[in-house]
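So this block is work-v2.tsv, TSV, C-alpha atoms:
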```tsv
chain	number	residue	atom	x	y	z
A	183	TYR	CA	0.00	0.00	0.00
A	184	HIS	CA	1.00	3.61	-0.56
A	185	LEU	CA	-0.20	5.55	2.52
A	186	VAL	CA	0.00	9.34	2.83
A	187	CYS	CA	-0.70	10.96	6.20
A	188	PRO	CA	-0.74	14.77	6.56
A	189	ALA	CA	0.12	16.44	9.84
A	190	LYS	CA	-2.76	18.18	11.63
A	191	TYR	CA	-3.48	21.64	10.21
A	192	ARG	CA	-0.86	20.85	7.54
A	193	GLN	CA	1.71	22.25	9.97
A	194	ILE	CA	5.32	22.11	8.83
A	195	VAL	CA	6.39	19.66	11.51
A	196	PHE	CA	8.96	17.50	9.75
A	197	LYS	CA	11.25	20.27	8.50
A	198	GLN	CA	10.89	22.38	11.63
A	199	ILE	CA	11.67	19.61	14.14
A	200	LYS	CA	14.16	17.20	12.56
A	201	SER	CA	13.88	14.53	15.27
A	202	VAL	CA	10.22	13.85	14.39
A	203	GLU	CA	11.15	12.24	11.07
A	204	GLU	CA	13.74	9.99	12.74
A	205	ILE	CA	11.34	9.02	15.53
A	206	ILE	CA	8.69	8.03	12.97
A	207	LYS	CA	11.18	5.69	11.30
A	208	GLU	CA	12.11	4.12	14.66
A	209	ILE	CA	8.45	3.70	15.62
A	210	CYS	CA	7.73	2.00	12.31
A	211	LEU	CA	10.52	-0.51	12.96
A	212	ASP	CA	8.83	-1.31	16.29
A	213	ILE	CA	5.46	-1.65	14.56
A	214	GLU	CA	7.03	-4.20	12.20
A	215	LYS	CA	8.05	-6.33	15.19
A	216	ARG	CA	4.55	-6.36	16.72
A	217	TYR	CA	2.32	-6.54	13.64
A	218	ASP	CA	2.42	-8.28	10.27
A	219	VAL	CA	3.39	-5.03	8.57
A	220	HIS	CA	6.59	-4.25	6.66
A	221	PHE	CA	7.63	-0.69	5.78
A	222	VAL	CA	9.38	-0.75	2.41
A	223	GLU	CA	9.98	3.02	2.28
A	224	ILE	CA	9.19	6.01	4.47
A	225	GLY	CA	9.56	9.55	3.16
A	226	ALA	CA	8.61	12.82	4.81
A	227	ASP	CA	7.91	16.16	3.23
A	228	SER	CA	7.43	19.30	5.29
A	229	ASP	CA	3.80	18.60	6.27
A	230	HIS	CA	3.07	14.96	5.39
A	231	VAL	CA	4.59	11.49	5.36
A	232	HIS	CA	4.50	8.80	2.66
A	233	PHE	CA	4.67	5.16	3.68
A	234	LEU	CA	5.14	2.24	1.29
A	235	ILE	CA	3.78	-0.73	3.25
A	236	GLN	CA	3.44	-4.48	2.73
A	237	SER	CA	1.08	-6.46	4.92
A	238	VAL	CA	-0.92	-9.65	5.21
A	239	PRO	CA	-4.34	-9.79	3.53
A	240	THR	CA	-6.11	-10.12	6.89
A	241	TYR	CA	-5.28	-6.49	7.72
A	242	SER	CA	-7.54	-4.03	5.97
A	243	PRO	CA	-6.07	-0.77	4.66
A	244	THR	CA	-8.08	1.07	7.33
A	245	LYS	CA	-6.66	-1.10	10.12
A	246	ILE	CA	-3.11	-0.56	8.87
A	247	THR	CA	-3.67	3.20	8.70
A	248	GLN	CA	-5.27	3.33	12.14
A	249	THR	CA	-2.40	1.34	13.65
A	250	VAL	CA	0.33	3.47	12.05
A	251	LYS	CA	-1.32	6.81	12.83
A	252	SER	CA	-2.27	6.03	16.44
A	253	ILE	CA	1.04	4.52	17.52
A	254	THR	CA	3.22	7.13	15.80
A	255	ALA	CA	1.19	10.03	17.21
A	256	ARG	CA	1.29	8.73	20.77
A	257	VAL	CA	5.05	8.09	20.75
A	258	ILE	CA	5.89	11.39	19.04
A	259	PHE	CA	3.98	13.36	21.67
A	260	GLN	CA	5.83	11.42	24.40
A	261	HIS	CA	9.32	11.91	22.96
A	262	VAL	CA	9.01	15.36	21.35
A	263	PRO	CA	6.79	17.52	23.59
A	264	GLU	CA	7.51	20.69	21.57
A	265	VAL	CA	5.31	19.26	18.80
A	266	LYS	CA	2.28	19.97	21.03
A	267	LYS	CA	2.96	23.71	20.68
A	268	LEU	CA	2.68	23.46	16.88
A	269	LEU	CA	-0.36	21.18	16.98
A	270	TRP	CA	-2.51	22.86	19.59
A	271	GLY	CA	-5.50	20.53	19.14
A	272	GLY	CA	-3.85	17.53	20.76
A	273	GLU	CA	-3.77	15.43	17.57
A	274	PHE	CA	-0.75	14.77	15.41
A	275	TRP	CA	-2.38	13.58	12.16
A	276	THR	CA	-5.37	14.89	10.24
A	277	LYS	CA	-8.48	12.73	10.22
A	278	GLY	CA	-8.06	12.07	6.50
A	279	PHE	CA	-5.46	10.04	4.67
A	280	TYR	CA	-4.72	8.60	1.24
A	281	ILE	CA	-4.13	4.90	0.74
A	282	ASN	CA	-3.95	2.88	-2.46
A	283	THR	CA	-2.68	-0.50	-3.54
A	284	VAL	CA	0.57	-0.80	-5.43
A	285	GLY	CA	1.34	-3.47	-8.03
A	286	LYS	CA	4.48	-5.58	-7.81
A	287	ALA	CA	5.90	-4.77	-11.25
A	288	ALA	CA	6.68	-1.20	-12.31
A	289	ASN	CA	4.31	0.52	-9.93
A	290	GLU	CA	6.13	-0.60	-6.78
A	291	GLN	CA	9.46	0.73	-8.05
A	292	ALA	CA	7.91	4.02	-9.20
A	293	ILE	CA	6.15	4.59	-5.88
A	294	SER	CA	9.25	3.53	-3.96
A	295	ASN	CA	11.36	6.14	-5.79
A	296	TYR	CA	8.66	8.76	-5.25
A	297	VAL	CA	8.51	8.07	-1.50
A	298	LYS	CA	12.33	8.00	-1.25
A	299	ASN	CA	12.59	11.45	-2.80
A	300	GLN	CA	10.07	13.16	-0.53
A	301	GLY	CA	11.33	16.42	0.89
A	302	LEU	CA	13.94	16.97	-1.80
A	303	GLU	CA	13.58	20.31	-3.52
A	304	TYR	CA	12.46	20.18	-7.15
A	305	LYS	CA	14.77	22.02	-9.50
A	306	GLN	CA	13.97	22.43	-13.14
A	307	ILE	CA	17.23	21.94	-14.99
A	308	TYR	CA	16.05	22.04	-18.57
A	309	ASN	CA	12.75	22.72	-20.27
A	310	ASN	CA	12.54	22.52	-24.03
A	311	GLN	CA	8.76	22.95	-24.13
A	312	PRO	CA	7.63	25.62	-26.61
A	313	LYS	CA	5.83	28.48	-24.91
A	314	LEU	CA	2.19	29.05	-25.74
A	315	PHE	CA	1.74	31.81	-28.30
A	316	GLU	CA	5.52	31.99	-28.86
A	317	GLY	CA	6.33	33.94	-31.99
A	318	LEU	CA	2.94	35.67	-32.30
```

Would you mind writing the file's structure down as structure tokens?
Amino acid sequence: YHLVCPAKYRQIVFKQIKSVEEIIKEICLDIEKRYDVHFVEIGADSDHVHFLIQSVPTYSPTKITQTVKSITARVIFQHVPEVKKLLWGGEFWTKGFYINTVGKAANEQAISNYVKNQGLEYKQIYNNQPKLFEGL
């Protein structure tokens, strides 16, 4: 599954407090030990996190999401109390999320690369596209 979880209020939590991103990765390793869930990739942007997850068919996408969001939020608030100042409502994640299945062939590699590159600045190096109405 490709799971995307935004921070509450779309606050810029992951760039502002660097330890949050590392704690999420550590928490996910602990989740792997307790549940039949494997995190293939984890990538954070400034206000949301992408997870590429493999799991057993008995876990529904909703159960996987609920498990990941609840455990990570609880542990982050315990280990990084300054996050509570940014997220004044007492919740770490928004209520919504995006989750979709990923195929084994080309889709898994494409999503994996996308998740890996989260948070890297996009720089346009070359654009050879003709401009609309150029030469008029």

Restricting the calculation to only C-alpha atoms: of A:Val257, A:Ile281, A:Ala226, A:Cys210, which residue gets closest to Ser242 (chain A)?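 For Ser242 (chain A), the nearest of the candidates is A:Ile281.
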
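Distances here use all atoms listed in the file; by that measure, the residue among A:Tyr183, A:Phe279, A:Glu290, A:Arg256 closest to Ile209 (chain A) is A:Arg256.
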
Tell me, as a ChimeraX atom specification, which residues lie within 12 Å of region 203-205 of chain A, counting all atoms listed in the file; anything in the same chain fewer than 6 positions away does not count. /A:189,194-197,211-212,224-232,253-262,265,300-301

Which residues are close to His184 (chain A), i.e. within 12 Å by all atoms listed in the file, leaving aside same-chain residues fewer than 6 positions away? Reply as a ChimeraX atom specification. /A:221-225,231-237,243,246-247,279-285,289-297

Would you work out the distance separating CA of Lys215 (chain A) from CA of Glu264 (chain A), expressed in Å to one decimal?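 Separation of CA of Lys215 (chain A) and CA of Glu264 (chain A): 27.8 Å.
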
Can you measure CA of Tyr241 (chain A) to CA of Val186 (chain A) for me? One decimal in Å is fine. 17.4 Å

Between CA of Val202 (chain A) and CA of Lys267 (chain A) - distance in Å to one decimal: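 Computing it gives 13.8 Å between the two atoms.
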
Answer as a short mmCIF file (atom, residue, chain, number, x, y, z; two decimals) with C-alpha atoms, in the frame of the given file, residues within 8 Å of (-3.1, 13.5, 17.7) using all atoms listed in the file:
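Okay, this is what ended up in selection_11.cif:
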```cif
data_model
loop_
_atom_site.label_atom_id
_atom_site.label_comp_id
_atom_site.auth_asym_id
_atom_site.auth_seq_id
_atom_site.Cartn_x
_atom_site.Cartn_y
_atom_site.Cartn_z
CA LYS A 190 -2.76 18.18 11.63
CA SER A 252 -2.27 6.03 16.44
CA ALA A 255 1.19 10.03 17.21
CA ARG A 256 1.29 8.73 20.77
CA GLY A 271 -5.50 20.53 19.14
CA GLY A 272 -3.85 17.53 20.76
CA GLU A 273 -3.77 15.43 17.57
CA PHE A 274 -0.75 14.77 15.41
CA TRP A 275 -2.38 13.58 12.16
CA THR A 276 -5.37 14.89 10.24
#
```
